[in-house]
>>> print(open('model_36.cif').read())   # mmCIF, C-alpha atoms and all ligand atoms
data_target
loop_
_atom_site.label_atom_id
_atom_site.label_comp_id
_atom_site.auth_asym_id
_atom_site.auth_seq_id
_atom_site.Cartn_x
_atom_site.Cartn_y
_atom_site.Cartn_z
CA MET A 253 -17.74 0.00 2.71
CA HIS A 254 -21.45 -0.57 2.30
CA PRO A 255 -24.39 0.12 4.62
CA ALA A 256 -24.91 -2.82 6.98
CA PRO A 257 -28.47 -3.88 7.76
CA ILE A 258 -28.05 -4.43 11.50
CA GLY A 259 -30.59 -6.37 13.51
CA VAL A 260 -32.41 -7.72 10.44
CA ALA A 261 -34.40 -10.90 11.10
CA GLY A 262 -33.14 -14.02 9.31
CA ALA A 263 -29.70 -15.48 8.59
CA VAL A 264 -26.83 -13.53 10.09
CA MET A 265 -23.02 -13.55 9.94
CA ARG A 266 -20.19 -11.81 11.77
CA ALA A 267 -18.61 -8.67 10.28
CA ALA A 268 -16.44 -5.67 11.27
CA VAL A 269 -19.09 -2.96 11.59
CA LEU A 270 -18.29 0.77 11.71
CA ARG A 271 -20.95 2.78 13.56
CA ALA A 272 -19.24 6.21 13.77
CA LEU A 273 -16.39 7.82 11.82
CA GLY A 274 -13.34 8.08 14.05
CA GLU A 275 -14.28 5.02 16.17
CA PRO A 276 -12.78 1.57 15.59
CA PRO A 277 -15.22 -0.98 14.13
CA CYS A 278 -16.57 -3.84 16.26
CA CYS A 279 -17.29 -7.44 15.34
CA GLU A 280 -21.11 -7.67 15.23
CA GLU A 281 -23.83 -9.77 13.66
CA VAL A 282 -25.24 -8.43 10.38
CA ALA A 283 -27.57 -9.81 7.74
CA GLU A 284 -26.08 -12.19 5.15
CA PRO A 285 -25.13 -10.44 1.87
CA HIS A 286 -27.95 -9.90 -0.62
CA LEU A 287 -27.05 -11.06 -4.15
CA GLU A 288 -27.90 -9.01 -7.28
CA GLU A 289 -27.84 -10.28 -10.87
CA GLY A 290 -24.26 -11.31 -11.87
CA GLU A 291 -23.03 -11.61 -8.29
CA GLU A 292 -22.00 -14.56 -6.16
CA VAL A 293 -21.20 -15.08 -2.53
CA VAL A 294 -17.65 -15.75 -1.32
CA GLN A 295 -16.73 -17.49 1.93
CA VAL A 296 -14.04 -15.08 3.18
CA THR A 297 -10.85 -16.72 4.49
CA ALA A 298 -8.50 -13.72 4.99
CA CYS A 299 -8.88 -9.97 4.84
CA PRO A 300 -5.96 -7.52 5.27
CA LEU A 301 -6.30 -4.45 7.50
CA THR A 302 -4.69 -1.58 5.57
CA ASN A 303 -4.04 2.10 6.26
CA LEU A 304 -6.71 2.85 3.65
CA ASP A 305 -9.26 0.97 5.79
CA ARG A 306 -8.16 3.02 8.81
CA ALA A 307 -8.31 6.34 6.93
CA ARG A 308 -11.79 5.57 5.56
CA ALA A 309 -13.07 4.60 9.00
CA ALA A 310 -11.48 7.72 10.50
CA GLY A 311 -13.30 9.84 7.90
CA THR A 312 -10.00 11.30 6.63
CA HIS A 313 -10.07 9.63 3.18
CA PHE A 314 -12.14 10.98 0.27
CA SER A 315 -13.87 7.59 -0.02
CA ALA A 316 -15.04 7.46 3.64
CA PRO A 317 -18.54 5.90 3.90
CA ALA A 318 -21.39 8.35 3.49
CA LYS A 319 -23.86 6.04 5.27
CA LEU A 320 -23.40 4.23 8.60
CA PRO A 321 -23.37 1.59 9.95
CA ALA A 322 -21.11 0.03 7.31
CA VAL A 323 -19.08 -3.17 6.93
CA CYS A 324 -15.33 -2.36 6.68
CA GLY A 325 -12.81 -3.88 4.28
CA SER A 326 -11.85 -2.19 1.03
CA ALA A 327 -8.87 -4.24 -0.17
CA LEU A 328 -8.99 -7.46 -2.14
CA ALA A 329 -9.62 -10.35 0.26
CA ALA A 330 -9.12 -14.10 -0.07
CA GLY A 331 -11.98 -16.57 -0.08
CA ARG A 332 -13.69 -19.62 -1.57
CA LEU A 333 -16.24 -19.45 -4.38
CA PRO A 334 -19.27 -21.77 -4.09
CA ASP A 335 -17.43 -24.33 -6.33
CA GLY A 336 -14.47 -24.34 -3.87
CA THR A 337 -12.04 -22.29 -6.02
CA ARG A 338 -9.58 -20.28 -3.88
CA VAL A 339 -9.58 -16.69 -5.11
CA LEU A 340 -8.58 -13.13 -4.37
CA PHE A 341 -11.73 -11.11 -4.96
CA ARG A 342 -12.98 -7.54 -5.14
CA SER A 343 -16.35 -6.70 -3.67
CA PRO A 344 -18.85 -3.88 -4.16
CA GLY A 345 -19.29 -4.02 -0.34
CA GLY A 346 -17.12 -4.62 2.71
CA THR A 347 -14.88 -7.69 2.91
CA MET A 348 -14.22 -7.88 6.69
CA ALA A 349 -16.98 -10.43 7.17
CA GLU A 350 -17.61 -14.16 7.11
CA ARG A 351 -19.17 -13.84 3.67
CA ALA A 352 -19.05 -11.13 0.98
CA VAL A 353 -20.38 -10.46 -2.49
CA THR A 354 -18.26 -10.53 -5.63
CA ARG A 355 -19.07 -10.18 -9.32
CA HIS A 356 -18.19 -12.49 -12.18
CA GLY A 357 -14.77 -11.42 -13.46
CA TRP A 358 -13.76 -9.76 -10.18
CA CYS A 359 -11.79 -12.78 -8.95
CA SER A 360 -8.24 -14.07 -9.55
CA PRO A 361 -7.26 -17.63 -8.63
CA ILE A 362 -4.69 -17.99 -5.82
CA PRO A 363 -1.76 -20.08 -7.10
CA GLU A 364 -1.11 -23.51 -5.66
CA GLY A 365 1.20 -23.31 -2.63
CA VAL A 366 0.38 -19.66 -1.79
CA ASP A 367 -1.29 -19.15 1.57
CA ASP A 368 -4.62 -17.21 1.57
CA ALA A 369 -3.49 -14.66 4.19
CA LEU A 370 -0.23 -13.88 2.37
CA ALA A 371 -2.00 -13.60 -0.99
CA ALA A 372 -4.58 -11.22 0.46
CA ALA A 373 -1.90 -9.15 2.25
CA VAL A 374 0.50 -8.85 -0.68
CA GLN A 375 -1.98 -7.73 -3.31
CA ASN A 376 -2.37 -4.05 -2.37
CA PRO A 377 1.27 -3.17 -1.58
CA GLY A 378 2.61 -5.46 -4.32
CA VAL A 379 0.48 -4.22 -7.19
CA SER A 380 0.79 -0.60 -6.09
CA ALA A 381 4.62 -0.82 -5.94
CA TRP A 382 4.72 -2.54 -9.34
CA ASN A 383 2.38 0.02 -10.77
CA ALA A 384 4.29 2.99 -9.34
CA LEU A 385 7.61 1.73 -10.69
CA GLU A 386 6.57 0.37 -14.08
CA TRP A 387 3.46 2.37 -15.06
CA ARG A 388 4.00 5.75 -13.37
CA ALA A 389 7.82 6.09 -13.11
CA LYS A 390 8.65 4.04 -16.23
CA LEU A 391 11.66 2.61 -14.36
CA GLN A 392 14.52 1.64 -16.68
CA PRO A 393 17.01 -1.14 -15.90
CA GLY A 394 19.96 0.13 -13.87
CA GLU A 395 18.22 3.28 -12.61
CA SER A 396 18.53 4.31 -8.95
CA VAL A 397 15.50 4.24 -6.64
CA LEU A 398 14.87 5.85 -3.24
CA VAL A 399 12.00 4.46 -1.13
CA LEU A 400 10.73 6.96 1.47
CA GLY A 401 8.87 4.93 4.11
CA ALA A 402 10.71 1.68 3.34
CA THR A 403 10.06 0.28 6.83
CA GLY A 404 6.30 0.02 6.20
CA VAL A 405 4.69 -3.03 4.64
CA ALA A 406 4.36 -1.29 1.27
CA GLY A 407 7.90 0.13 1.41
CA GLN A 408 9.48 -3.26 2.14
CA ILE A 409 7.63 -4.76 -0.82
CA ALA A 410 8.66 -1.78 -3.00
CA VAL A 411 12.36 -2.39 -2.26
CA GLN A 412 12.00 -6.00 -3.44
CA VAL A 413 9.90 -5.18 -6.51
CA ALA A 414 12.34 -2.41 -7.55
CA LYS A 415 15.21 -4.90 -7.50
CA HIS A 416 13.12 -7.47 -9.36
CA LEU A 417 12.32 -4.89 -12.08
CA GLY A 418 16.05 -4.23 -12.62
CA ALA A 419 16.74 -1.13 -10.53
CA GLY A 420 20.48 -0.54 -10.10
CA ARG A 421 20.88 1.07 -6.68
CA VAL A 422 17.96 0.94 -4.21
CA VAL A 423 18.12 3.11 -1.08
CA ALA A 424 15.64 2.43 1.73
CA ALA A 425 14.72 5.26 4.13
CA GLY A 426 12.67 4.74 7.31
CA ARG A 427 12.56 5.17 11.09
CA ASN A 428 12.09 1.78 12.77
CA PRO A 429 15.71 0.63 13.34
CA ARG A 430 14.82 -3.07 13.55
CA VAL A 431 12.98 -3.11 10.21
CA LEU A 432 15.55 -0.80 8.58
CA ALA A 433 18.36 -3.19 9.58
CA GLY A 434 16.55 -6.04 7.77
CA LEU A 435 16.16 -4.20 4.47
CA PRO A 436 19.60 -5.05 2.97
CA ALA A 437 18.52 -8.72 3.13
CA LEU A 438 15.51 -7.76 0.98
CA GLY A 439 17.73 -6.07 -1.64
CA ALA A 440 18.41 -2.53 -0.37
CA ASP A 441 21.92 -1.35 -1.28
CA ALA A 442 21.89 1.29 1.48
CA THR A 443 19.60 2.52 4.24
CA VAL A 444 18.93 6.01 5.63
CA GLN A 445 17.58 6.68 9.13
CA LEU A 446 14.81 9.25 8.67
CA ASP A 447 14.45 10.49 12.24
CA GLN A 448 17.48 12.76 12.44
CA PRO A 449 17.73 16.55 12.24
CA ASP A 450 16.96 18.09 8.84
CA ASP A 451 20.58 19.02 7.99
CA ALA A 452 21.89 15.58 8.92
CA LEU A 453 19.08 13.89 6.95
CA ARG A 454 19.80 16.09 3.92
CA ARG A 455 23.47 15.05 4.01
CA ALA A 456 22.57 11.37 4.51
CA LEU A 457 20.19 11.41 1.52
CA ARG A 458 22.77 13.19 -0.68
CA ASP A 459 25.49 10.69 0.32
CA ALA A 460 23.14 7.77 -0.34
CA ALA A 461 22.28 9.11 -3.82
CA GLY A 462 25.93 9.13 -4.92
CA PRO A 463 27.22 11.51 -7.60
CA ALA A 464 23.90 11.78 -9.52
CA ASP A 465 20.38 12.45 -8.21
CA PHE A 466 18.00 9.50 -7.71
CA ASP A 467 16.19 8.59 -10.94
CA VAL A 468 13.01 7.46 -9.16
CA VAL A 469 11.59 8.13 -5.69
CA LEU A 470 8.67 6.13 -4.27
CA ASP A 471 7.09 8.27 -1.58
CA TYR A 472 4.86 6.65 1.06
CA LEU A 473 5.21 9.57 3.52
CA TRP A 474 4.91 13.14 2.09
CA GLY A 475 5.28 16.01 4.59
CA ARG A 476 8.61 16.67 6.31
CA PRO A 477 10.70 13.71 5.03
CA THR A 478 9.70 14.51 1.45
CA GLU A 479 10.37 18.24 1.96
CA VAL A 480 13.88 17.44 3.21
CA PHE A 481 14.46 15.10 0.26
CA ILE A 482 13.27 17.71 -2.25
CA SER A 483 15.63 20.26 -0.68
CA THR A 484 18.55 18.01 -1.73
CA LEU A 485 17.70 18.70 -5.40
CA GLY A 486 18.35 21.84 -7.40
CA PHE A 487 21.44 23.86 -8.24
CA ALA A 488 22.33 27.38 -7.06
CA ASP A 489 23.75 28.43 -10.45
CA MET A 490 22.52 29.26 -13.95
CA GLU A 491 24.39 26.49 -15.79
CA LEU A 492 22.28 24.68 -18.39
CA ARG A 493 22.09 20.96 -17.58
CA PHE A 494 19.66 18.05 -17.84
CA SER A 495 18.61 15.99 -14.84
CA ARG A 496 15.47 14.05 -14.09
CA THR A 497 14.05 12.67 -10.81
CA ARG A 498 10.55 11.13 -11.03
CA LEU A 499 8.92 11.26 -7.60
CA VAL A 500 5.84 9.04 -7.32
CA GLN A 501 3.47 10.07 -4.49
CA ILE A 502 1.82 6.95 -3.02
CA GLY A 503 1.07 7.48 0.69
CA VAL A 504 0.76 10.21 3.30
CA MET A 505 1.95 8.64 6.55
CA ALA A 506 3.88 11.78 7.64
CA SER A 507 1.44 14.45 6.38
CA PRO A 508 -1.26 15.03 3.73
CA THR A 509 0.43 18.29 2.58
CA LEU A 510 3.90 19.76 2.10
CA ASN A 511 5.61 23.06 1.25
CA LEU A 512 7.00 22.95 -2.28
CA SER A 513 9.58 25.51 -3.37
CA ALA A 514 9.06 26.84 -6.91
CA GLU A 515 12.82 27.36 -7.21
CA VAL A 516 13.54 23.67 -6.82
CA LEU A 517 11.19 22.86 -9.70
CA ARG A 518 13.07 25.31 -11.98
CA SER A 519 16.59 24.43 -10.85
CA SER A 520 16.24 20.61 -10.81
CA GLY A 521 14.76 17.82 -12.89
CA LEU A 522 12.06 17.04 -10.31
CA GLU A 523 8.82 15.63 -11.74
CA ILE A 524 6.00 14.68 -9.33
CA VAL A 525 3.18 12.27 -10.19
CA GLY A 526 0.75 10.34 -8.01
CA SER A 527 -0.09 6.63 -8.07
CA GLY A 528 -3.60 5.68 -7.09
CA THR A 529 -7.12 5.06 -8.29
CA GLY A 530 -7.30 8.26 -10.39
CA ASN A 531 -4.44 7.23 -12.68
CA ALA A 532 -4.64 3.43 -12.68
CA PRO A 533 -3.59 1.40 -15.73
CA PRO A 534 -6.13 -0.64 -17.73
CA ALA A 535 -7.62 -3.67 -15.97
CA GLU A 536 -5.54 -6.12 -18.03
CA VAL A 537 -2.30 -4.41 -16.88
CA LEU A 538 -3.42 -4.57 -13.23
CA ALA A 539 -4.32 -8.26 -13.66
CA ARG A 540 -0.87 -8.95 -15.18
CA GLU A 541 0.84 -7.10 -12.32
CA LEU A 542 -1.15 -9.09 -9.73
CA GLY A 543 -0.18 -12.35 -11.48
CA GLN A 544 3.50 -11.34 -11.40
CA VAL A 545 3.33 -10.39 -7.72
CA LEU A 546 1.69 -13.73 -6.85
CA ASP A 547 4.28 -15.61 -8.95
CA LEU A 548 7.11 -13.92 -7.01
CA LEU A 549 5.38 -14.85 -3.75
CA ALA A 550 4.84 -18.46 -4.88
CA GLY A 551 8.52 -18.69 -5.89
CA GLY A 552 9.70 -17.42 -2.49
CA ARG A 553 11.15 -14.27 -4.13
CA LEU A 554 8.90 -11.79 -2.29
CA ARG A 555 8.88 -11.70 1.49
CA MET A 556 6.40 -10.13 3.86
CA GLU A 557 5.32 -10.73 7.45
CA VAL A 558 1.65 -11.13 8.39
CA ASN A 559 -0.06 -11.28 11.78
CA ARG A 560 -3.18 -13.46 11.58
CA VAL A 561 -5.86 -12.16 13.96
CA PRO A 562 -9.42 -13.50 14.46
CA LEU A 563 -12.08 -11.13 13.06
CA THR A 564 -13.64 -11.07 16.53
CA ARG A 565 -10.59 -9.04 17.73
CA VAL A 566 -10.88 -6.35 15.07
CA ARG A 567 -11.60 -3.57 17.58
CA HIS A 568 -8.48 -4.40 19.65
CA VAL A 569 -6.02 -4.48 16.74
CA TRP A 570 -7.50 -1.66 14.61
CA ASP A 571 -5.08 1.10 15.69
CA LEU A 572 -2.01 -0.99 16.58
CA ASP A 573 1.28 0.04 14.93
CA GLN A 574 2.00 -2.97 12.73
CA GLN A 575 5.80 -2.39 12.92
CA GLY A 576 6.39 -3.59 9.37
CA HIS A 577 3.91 -6.50 9.60
CA ARG A 578 0.42 -6.61 8.04
CA THR A 579 -2.54 -7.59 10.21
CA VAL A 580 -4.79 -10.05 8.39
CA LEU A 581 -8.26 -10.68 9.82
CA ILE A 582 -9.44 -14.30 9.74
CA PRO A 583 -13.26 -14.65 9.92
N1 LIG A 601 -1.79 4.70 -3.45
C1 LIG A 601 -1.75 3.38 -3.29
O1 LIG A 601 -2.06 2.63 -4.19
C2 LIG A 601 -1.26 2.81 -1.98
C3 LIG A 601 -1.02 1.43 -1.85
C4 LIG A 601 -0.46 0.94 -0.65
C5 LIG A 601 -0.22 1.83 0.40
N2 LIG A 601 -0.51 3.15 0.23
C6 LIG A 601 -0.27 4.12 1.31
O2 LIG A 601 1.12 4.10 1.62
C7 LIG A 601 1.31 4.42 2.99
C8 LIG A 601 2.15 3.34 3.66
O3 LIG A 601 1.40 2.14 3.69
P1 LIG A 601 1.95 0.86 4.46
O4 LIG A 601 1.02 -0.23 4.19
O5 LIG A 601 3.40 0.62 4.15
O6 LIG A 601 1.84 1.33 5.98
P2 LIG A 601 2.50 0.73 7.29
O7 LIG A 601 2.92 -0.67 7.08
O8 LIG A 601 1.60 1.06 8.42
O9 LIG A 601 3.83 1.60 7.45
C9 LIG A 601 3.78 2.96 7.74
C10 LIG A 601 5.10 3.58 7.33
O10 LIG A 601 5.00 5.00 7.54
C11 LIG A 601 6.09 5.41 8.36
N3 LIG A 601 5.69 6.59 9.12
C12 LIG A 601 4.53 6.78 9.80
N4 LIG A 601 4.48 8.02 10.29
C13 LIG A 601 5.64 8.63 9.91
C14 LIG A 601 6.20 9.92 10.10
N5 LIG A 601 5.54 10.86 10.80
N6 LIG A 601 7.42 10.20 9.58
C15 LIG A 601 8.10 9.27 8.89
N7 LIG A 601 7.62 8.02 8.66
C16 LIG A 601 6.41 7.71 9.16
C17 LIG A 601 6.43 4.20 9.22
O11 LIG A 601 7.73 4.34 9.67
P3 LIG A 601 8.37 3.47 10.88
O12 LIG A 601 7.63 2.16 10.91
O13 LIG A 601 9.79 3.32 10.46
O14 LIG A 601 8.18 4.27 12.12
C18 LIG A 601 6.29 3.10 8.15
O15 LIG A 601 7.42 3.09 7.30
C19 LIG A 601 -0.09 4.60 3.57
O16 LIG A 601 -0.41 5.98 3.52
C20 LIG A 601 -0.97 3.81 2.61
O17 LIG A 601 -2.32 4.25 2.62
C21 LIG A 601 -1.02 3.65 -0.91
#
>>> encode(input="model_36.cif", output="structure tokens")
Amino acid sequence: MHPAPIGVAGAVMRAAVLRALGEPPCCEEVAEPHLEEGEEVVQVTACPLTNLDRARAAGTHFSAPAKLPAVCGSALAAGRLPDGTRVLFRSPGGTMAERAVTRHGWCSPIPEGVDDALAAAVQNPGVSAWNALEWRAKLQPGESVLVLGATGVAGQIAVQVAKHLGAGRVVAAGRNPRVLAGLPALGADATVQLDQPDDALRRALRDAAGPADFDVVLDYLWGRPTEVFISTLGFADMELRFSRTRLVQIGVMASPTLNLSAEVLRSSGLEIVGSGTGNAPPAEVLARELGQVLDLLAGGRLRMEVNRVPLTRVRHVWDLDQQGHRTVLIP
């Protein structure tokens, strides 16, 4: 987010403006973006509304704006460069606006046949799932994967990317029964209903894992579901054995913290790493991952649902549960 000069005389455009942390942004008029050396203006065509945008506007994310008012929109958005090229672009400022600033080299072309809204929506969950599996977990062909929070937009994409990267068994865990029921069609070999008592959930996760522990866990939730999962690991004996479960922490939809037993770390092969901006791969790896995600989308091998909403309605849709769909704002 970047400070928005509100009420400045001269050319104006519409943008999603945040005036107070904890309040939803409103669609207001702000000054057109000011270009610095090496920057160009993009006509924005589609901008996804992500949980990161919500957390930053709520003031609960470490990157929440220090200065207000600010234009929202932190994810890559879709737009047109002045020469007409359709691109996904990063911006040093907010992207939920009619126009935004980008820098040379901060754009990737959108492949022919891929819709702007889908391209913009798939980038964040697609690249982050790819990154978590390939770069952080070092997934090997045939390994088993558990997705905690598989009913969210990112979790549904993660199930599909895990299969594409050669995972053997993929187990999808979530609450929303409608979305959970659709996950086998996206590649899940089994599903686990998360909202059941701890003991029943523990048994369901153990049964879903089969005889060995999961090799890789993608965790979009943290908190109670992750605590229950971790309690399925570990052995109550002193036998020497080797096991390994790489848990990749990606999101905190259930809680920002959890209780972690020291015993389970000594009596199991649990390894916990995070996947986010502090441990990102080099730019060329991220660019390759984005290209692969867009290729899957273009080939019809990656599915996601988007709700296109006019930017003018940003305030009304800001806090809506997306029920497995991604809201994409159209300026
Ligand atoms: N680190 C990264 O690079 C990165 C990238 C993408 C996303 N993320 C993060 O990953 C998380 C998920 O993102 P998303 O786009 O998939 O969100 P989303 O589409 O809004 O889905 C939210 C998910 O969280 C579940 N959920 C919410 N509260 C829960 C609770 N108390 N207990 C159990 N499940 C709960 C929902 O379950 P039901 O729908 O079944 O109720 C749904 O599966 C967010 O925290 C997001 O910021 C991080």
>>> closest_residue(input="model_36.cif", among="A:Ala535, A:Ser396, A:Arg332, A:Asp489", to="Pro463 in chain A", atoms="only C-alpha atoms")
A:Ser396
>>> atom_distance(input="model_36.cif", atom1="CA of Leu538 in chain A", atom2="CA of Thr312 in chain A")
26.3 Å
>>> residues_near_ligand(input="model_36.cif", ligand="ligand LIG 601 (chain A)", cutoff="9 Å", atoms="only C-alpha atoms and all ligand atoms", output="PyMOL selection string")
chain A and resi 302-307+376-381+383-384+400-409+425-432+445-447+471-477+501-507+526-529+532+573-578
>>> atom_distance(input="model_36.cif", atom1="CA of Phe494 in chain A", atom2="CA of Trp387 in chain A")
22.7 Å
>>> closest_residue(input="model_36.cif", among="A:Leu435, A:Ile582, A:Cys279, A:Leu542", to="Pro361 in chain A", atoms="all atoms listed in the file")
A:Leu542
>>> axis_aligned_box(input="model_36.cif", around="range 311-328 of chain A", padding_each_side="6 Å", output="JSON")
{"center_x": -16.4, "center_y": 1.9, "center_z": 3.9, "size_x": 27.0, "size_y": 30.8, "size_z": 24.1}
>>> atom_distance(input="model_36.cif", atom1="CA of Val413 in chain A", atom2="CA of Ala452 in chain A")
28.5 Å
>>> closest_residue(input="model_36.cif", among="A:Leu549, A:Val525, A:Leu554, A:Met265", to="Leu438 in chain A", atoms="all atoms listed in the file")
A:Leu554
>>> closest_residue(input="model_36.cif", among="A:Ala440, A:Ala309, A:Pro300, A:Ala410", to="Glu275 in chain A", atoms="only C-alpha atoms")
A:Ala309
>>> closest_residue(input="model_36.cif", among="A:Gln544, A:Ser343, A:Ser520, A:Thr509", to="Thr497 in chain A", atoms="all atoms listed in the file")
A:Ser520
>>> residues_around(input="model_36.cif", residues="Val296 in chain A", least_positions_apart="3", cutoff="12 Å", atoms="only C-alpha atoms", output="PDB file with C-alpha atoms, keeping the file's coordinate frame")
ATOM      1  CA  MET A 265     -23.020 -13.550   9.940  1.00  0.00           C
ATOM      2  CA  ARG A 266     -20.190 -11.810  11.770  1.00  0.00           C
ATOM      3  CA  ALA A 267     -18.610  -8.670  10.280  1.00  0.00           C
ATOM      4  CA  VAL A 293     -21.200 -15.080  -2.530  1.00  0.00           C
ATOM      5  CA  CYS A 299      -8.880  -9.970   4.840  1.00  0.00           C
ATOM      6  CA  PRO A 300      -5.960  -7.520   5.270  1.00  0.00           C
ATOM      7  CA  GLY A 325     -12.810  -3.880   4.280  1.00  0.00           C
ATOM      8  CA  LEU A 328      -8.990  -7.460  -2.140  1.00  0.00           C
ATOM      9  CA  ALA A 329      -9.620 -10.350   0.260  1.00  0.00           C
ATOM     10  CA  ALA A 330      -9.120 -14.100  -0.070  1.00  0.00           C
ATOM     11  CA  GLY A 331     -11.980 -16.570  -0.080  1.00  0.00           C
ATOM     12  CA  ARG A 332     -13.690 -19.620  -1.570  1.00  0.00           C
ATOM     13  CA  LEU A 333     -16.240 -19.450  -4.380  1.00  0.00           C
ATOM     14  CA  PRO A 334     -19.270 -21.770  -4.090  1.00  0.00           C
ATOM     15  CA  GLY A 336     -14.470 -24.340  -3.870  1.00  0.00           C
ATOM     16  CA  THR A 337     -12.040 -22.290  -6.020  1.00  0.00           C
ATOM     17  CA  ARG A 338      -9.580 -20.280  -3.880  1.00  0.00           C
ATOM     18  CA  VAL A 339      -9.580 -16.690  -5.110  1.00  0.00           C
ATOM     19  CA  LEU A 340      -8.580 -13.130  -4.370  1.00  0.00           C
ATOM     20  CA  PHE A 341     -11.730 -11.110  -4.960  1.00  0.00           C
ATOM     21  CA  ARG A 342     -12.980  -7.540  -5.140  1.00  0.00           C
ATOM     22  CA  SER A 343     -16.350  -6.700  -3.670  1.00  0.00           C
ATOM     23  CA  GLY A 346     -17.120  -4.620   2.710  1.00  0.00           C
ATOM     24  CA  THR A 347     -14.880  -7.690   2.910  1.00  0.00           C
ATOM     25  CA  MET A 348     -14.220  -7.880   6.690  1.00  0.00           C
ATOM     26  CA  ALA A 349     -16.980 -10.430   7.170  1.00  0.00           C
ATOM     27  CA  GLU A 350     -17.610 -14.160   7.110  1.00  0.00           C
ATOM     28  CA  ARG A 351     -19.170 -13.840   3.670  1.00  0.00           C
ATOM     29  CA  ALA A 352     -19.050 -11.130   0.980  1.00  0.00           C
ATOM     30  CA  VAL A 353     -20.380 -10.460  -2.490  1.00  0.00           C
ATOM     31  CA  THR A 354     -18.260 -10.530  -5.630  1.00  0.00           C
ATOM     32  CA  ASP A 368      -4.620 -17.210   1.570  1.00  0.00           C
ATOM     33  CA  ALA A 369      -3.490 -14.660   4.190  1.00  0.00           C
ATOM     34  CA  ALA A 372      -4.580 -11.220   0.460  1.00  0.00           C
ATOM     35  CA  LEU A 563     -12.080 -11.130  13.060  1.00  0.00           C
ATOM     36  CA  VAL A 580      -4.790 -10.050   8.390  1.00  0.00           C
ATOM     37  CA  LEU A 581      -8.260 -10.680   9.820  1.00  0.00           C
ATOM     38  CA  ILE A 582      -9.440 -14.300   9.740  1.00  0.00           C
ATOM     39  CA  PRO A 583     -13.260 -14.650   9.920  1.00  0.00           C
TER      40      PRO A 583
END
>>> closest_residue(input="model_36.cif", among="A:Arg355, A:Arg518, A:Ile482, A:Val323", to="Cys278 in chain A", atoms="all atoms listed in the file")
A:Val323
